[in-house]
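Structure record follows, encoded as structure tokens.
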Amino acid sequence: MERKLIAAGNWKMNTDYNEGRELAKAVVSGLQSSDALVVLGTPYTHLKNISVIIKDISTIKLAAQNCHQEESGAYTGEISAAMLQSCGVDFVILGHSERREYFGEADELIAKKIDIVLKYGMQPIYCCGEKLEVREAGKHEELVGEQVKTALFHLTKEQMGQVVIAYEPVWAIGTGKTASPAQAQDMHHYIRSLIQEKFGSEVADATSILYGGSVKPDNAKEIFAQPDVDGGLVGGAALKAKDFLAIAGSF
Ligand code: PGA
């Protein structure tokens, strides 16, 4: 197992089908060879088309932004892991703070989503992170520790080896306010130590832990340079190919 450097874009509910296609093409054509993996987290409606656009480029992968926890059935409007897998999806972002905040998702549910995504051979990008009041109260490690334990500690070592973690302090998402490189490093180190205690050093060393929250071309290098930061989950700046490519080139 080997730890991967990853620049993942989370497009959220942005771009229509044509805009999404153009954005993916612009990333493909502008990508310089690098050791980092580039992941495009697109809306569901774009997945199949973008899987075709990126199919010959081994360093670009496709992510969905959510997935239902059940196999199939009477869940009007939901999307299953089997559906995603059949569209060529490699990664699924799970537990994003916007899913937690607006759709009431908690770690018990996210744990089930992680299970089904793994069952279908895709890799979860598990998001965790504290709100501002929790950080101000000095309880951020405690909270993120609980999130990580509830969502991930039931996995086997082999399963954990497939999981990417994204630490996204909620106060830094979409706010233009990033965690300092030291704050990111401290939390990433803490998360890796939890993974190590539970799953052992080999798994912990191979786990990619991404930072998310206002990553931009002008701050990516300093954040990615931290020893326990293995890349970024990028929202706003992933919507402009030039900015996203600059971030992907910041390792
Ligand atoms: P942002 O979003 O880069 O716009 O802060 C990050 C995220 O929500 O994943």
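Please note that chains go A, B, ... in the order of the structure tokens, that every chain numbers its residues from 1, and that ligands are numbered from 1 in the order shown.
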Return as number ranges by chain the residues of protein, DNA or RNA that approach ligand 1 to within 7 Å, with only C-alpha atoms and all ligand atoms taken into account. A: 10, 168, 172-176, 212-215, 233-237
Which stretch 134-233 of chain A residues have any atom within 10 Å of an atom of stretch 22-40 of chain A, and for each, what is the nearest pair of atoms with distance in Å to one decimal, counting only C-alpha atoms, rows sorted by chain and number, as a tab-separated table?
```
residue	atom	partner	partner_atom	distance
A:Asp230	CA	A:Ala36	CA	9.3
A:Gly231	CA	A:Ala36	CA	8.3
A:Gly232	CA	A:Val38	CA	10.0
A:Leu233	CA	A:Val39	CA	9.0
```
Test item: residues at most 10 Å from A:Glu98, only C-alpha atoms, excluding those fewer than 5 positions along its chain, as a count of residues only: 6
Run DSSP on the backbone and grab whatever in stretch 2-87 of chain A lands in strand (DSSP E); send it over as a list in words.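 Across stretch 2-87 of chain A, those assigned strand (DSSP E) are Ile6, Ala7, Ala8, Gly9, Asn10, Leu37, Val38, Val39, Leu40, Gly41, Ile60, Lys61, Leu62, Ala63 and Ala64 of chain A.
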Considering only C-alpha atoms, can you say which of A:Cys67, A:Ile125, A:Ala7, A:Ile79 comes closest to A:Pro217? A:Ala7
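Closest approach to A:Leu84 among A:Glu101, A:Asp56, A:Glu141, A:Glu71: A:Glu71, based on only C-alpha atoms.
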For A:Pro227, find every residue with an atom within 10 Å (counting only C-alpha atoms), except residues of its own chain fewer than 4 positions away, and show them as a ChimeraX atom specification. /A:185,188-189,223
Pick from A:Ala179, A:Val92, A:Val229, A:Ile165, whichever lies nearest to A:Pro124 using only C-alpha atoms: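 For A:Pro124, the nearest of the given residues is A:Val92.
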Which value, in Å to one decimal, gives the distance between atom CA of A:Glu146 and atom CA of A:Ile93?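 Those two atoms sit 18.9 Å apart.
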With only C-alpha atoms as the counted atoms, please give the residues lying no more than 10 Å from A:Lys198, apart from itself and same-chain residues fewer than 4 positions off, as a list in words. Lys149, Leu152, Phe153, His154, Leu155, Thr156, Lys157, Arg192, Ser193, Leu194, Val203 and Ala204 of chain A
C-alpha atoms of the current selection, written as a short mmCIF file (atom, residue, chain, number, x, y, z; two decimals), in the first residue's frame:
```
data_model
loop_
_atom_site.label_atom_id
_atom_site.label_comp_id
_atom_site.auth_asym_id
_atom_site.auth_seq_id
_atom_site.Cartn_x
_atom_site.Cartn_y
_atom_site.Cartn_z
CA LYS A 149 -14.31 6.28 15.12
CA LEU A 152 -14.56 4.04 10.14
CA PHE A 153 -13.63 1.87 13.10
CA HIS A 154 -15.91 -1.02 12.11
CA LEU A 155 -13.93 -1.57 8.89
CA THR A 156 -11.37 -4.29 8.31
CA LYS A 157 -7.76 -3.29 7.59
CA ARG A 192 -3.42 9.44 11.34
CA SER A 193 -2.54 8.49 14.92
CA LEU A 194 -6.11 7.25 15.46
CA VAL A 203 -2.55 1.18 6.96
CA ALA A 204 -2.05 4.57 8.65
#
```
Between A:Asn66, A:Ile50, A:Ala248, A:Val164, single out the one closest to A:Met13, counting only C-alpha atoms.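 Between A:Asn66, A:Ile50, A:Ala248, A:Val164, the residue approaching A:Met13 most closely is A:Asn66.
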Could you state the separation of atom CA of A:Ile53 and atom CA of A:Met122 in Å, given to one decimal place?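 Taking atom CA of A:Ile53 and atom CA of A:Met122, their separation equals 19.1 Å.
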Taking the chain letters and numbering used in this document, name the residues of stretch 94-240 of chain A that DSSP puts in helix (DSSP H, G or I), as a tab-separated table (two decimals) with C-alpha atoms, in the first residue's frame.
```
chain	number	residue	atom	x	y	z
A	97	SER	CA	-20.46	18.91	6.11
A	98	GLU	CA	-23.16	20.20	3.76
A	99	ARG	CA	-24.75	16.73	3.78
A	100	ARG	CA	-24.52	16.72	7.56
A	101	GLU	CA	-25.92	20.25	7.91
A	102	TYR	CA	-28.69	20.33	5.28
A	103	PHE	CA	-29.64	16.66	5.01
A	107	ASP	CA	-21.77	9.23	11.21
A	108	GLU	CA	-23.93	6.13	11.86
A	109	LEU	CA	-25.56	6.67	8.45
A	110	ILE	CA	-22.28	7.65	6.81
A	111	ALA	CA	-20.78	4.38	8.07
A	112	LYS	CA	-23.44	2.47	6.11
A	113	LYS	CA	-22.74	4.51	3.00
A	114	ILE	CA	-19.05	3.75	3.35
A	115	ASP	CA	-19.86	0.03	3.54
A	116	ILE	CA	-21.89	-0.04	0.36
A	117	VAL	CA	-19.42	2.09	-1.58
A	118	LEU	CA	-16.65	-0.33	-0.61
A	119	LYS	CA	-18.86	-3.30	-1.47
A	132	LEU	CA	-16.17	27.08	14.64
A	133	GLU	CA	-17.72	26.92	18.10
A	134	VAL	CA	-16.22	23.49	18.65
A	135	ARG	CA	-12.75	24.73	17.72
A	136	GLU	CA	-13.16	27.79	19.91
A	140	HIS	CA	-11.98	19.87	17.81
A	141	GLU	CA	-9.83	16.77	18.29
A	142	GLU	CA	-12.45	15.17	20.49
A	143	LEU	CA	-15.18	15.79	17.92
A	144	VAL	CA	-13.22	14.73	14.86
A	145	GLY	CA	-12.00	11.68	16.79
A	146	GLU	CA	-15.62	10.66	17.47
A	147	GLN	CA	-16.55	11.19	13.83
A	148	VAL	CA	-13.66	9.06	12.61
A	149	LYS	CA	-14.31	6.28	15.12
A	150	THR	CA	-18.04	6.08	14.41
A	151	ALA	CA	-17.69	6.14	10.65
A	152	LEU	CA	-14.56	4.04	10.14
A	157	LYS	CA	-7.76	-3.29	7.59
A	158	GLU	CA	-8.26	-4.13	3.93
A	159	GLN	CA	-11.34	-1.94	3.75
A	160	MET	CA	-9.65	0.92	5.59
A	170	VAL	CA	-16.56	23.69	8.63
A	171	TRP	CA	-15.49	27.26	9.40
A	172	ALA	CA	-13.09	27.15	6.46
A	181	PRO	CA	-0.81	24.94	7.75
A	182	ALA	CA	0.00	24.16	11.39
A	183	GLN	CA	-3.67	23.67	12.33
A	184	ALA	CA	-4.13	21.36	9.34
A	185	GLN	CA	-0.97	19.42	10.16
A	186	ASP	CA	-1.95	18.99	13.82
A	187	MET	CA	-5.35	17.58	12.98
A	188	HIS	CA	-4.07	15.38	10.16
A	189	HIS	CA	-1.41	14.00	12.46
A	190	TYR	CA	-4.05	13.31	15.10
A	191	ILE	CA	-6.32	11.54	12.60
A	192	ARG	CA	-3.42	9.44	11.34
A	193	SER	CA	-2.54	8.49	14.92
A	194	LEU	CA	-6.11	7.25	15.46
A	195	ILE	CA	-5.92	5.17	12.28
A	196	GLN	CA	-2.59	3.81	13.42
A	197	GLU	CA	-3.89	2.78	16.85
A	198	LYS	CA	-6.83	0.95	15.34
A	199	PHE	CA	-5.49	-0.41	12.03
A	201	SER	CA	1.15	1.61	10.96
A	202	GLU	CA	1.05	0.11	7.53
A	203	VAL	CA	-2.55	1.18	6.96
A	204	ALA	CA	-2.05	4.57	8.65
A	205	ASP	CA	1.02	5.38	6.57
A	206	ALA	CA	-0.84	4.48	3.38
A	220	ALA	CA	-2.17	25.10	-1.69
A	221	LYS	CA	1.61	24.71	-1.74
A	222	GLU	CA	2.10	25.62	1.89
A	223	ILE	CA	-0.74	23.40	3.08
A	224	PHE	CA	0.26	20.43	0.91
A	236	GLY	CA	-14.94	26.86	-5.22
A	237	ALA	CA	-11.50	26.81	-6.84
A	238	ALA	CA	-12.31	23.53	-8.61
A	239	LEU	CA	-14.85	25.32	-10.79
```
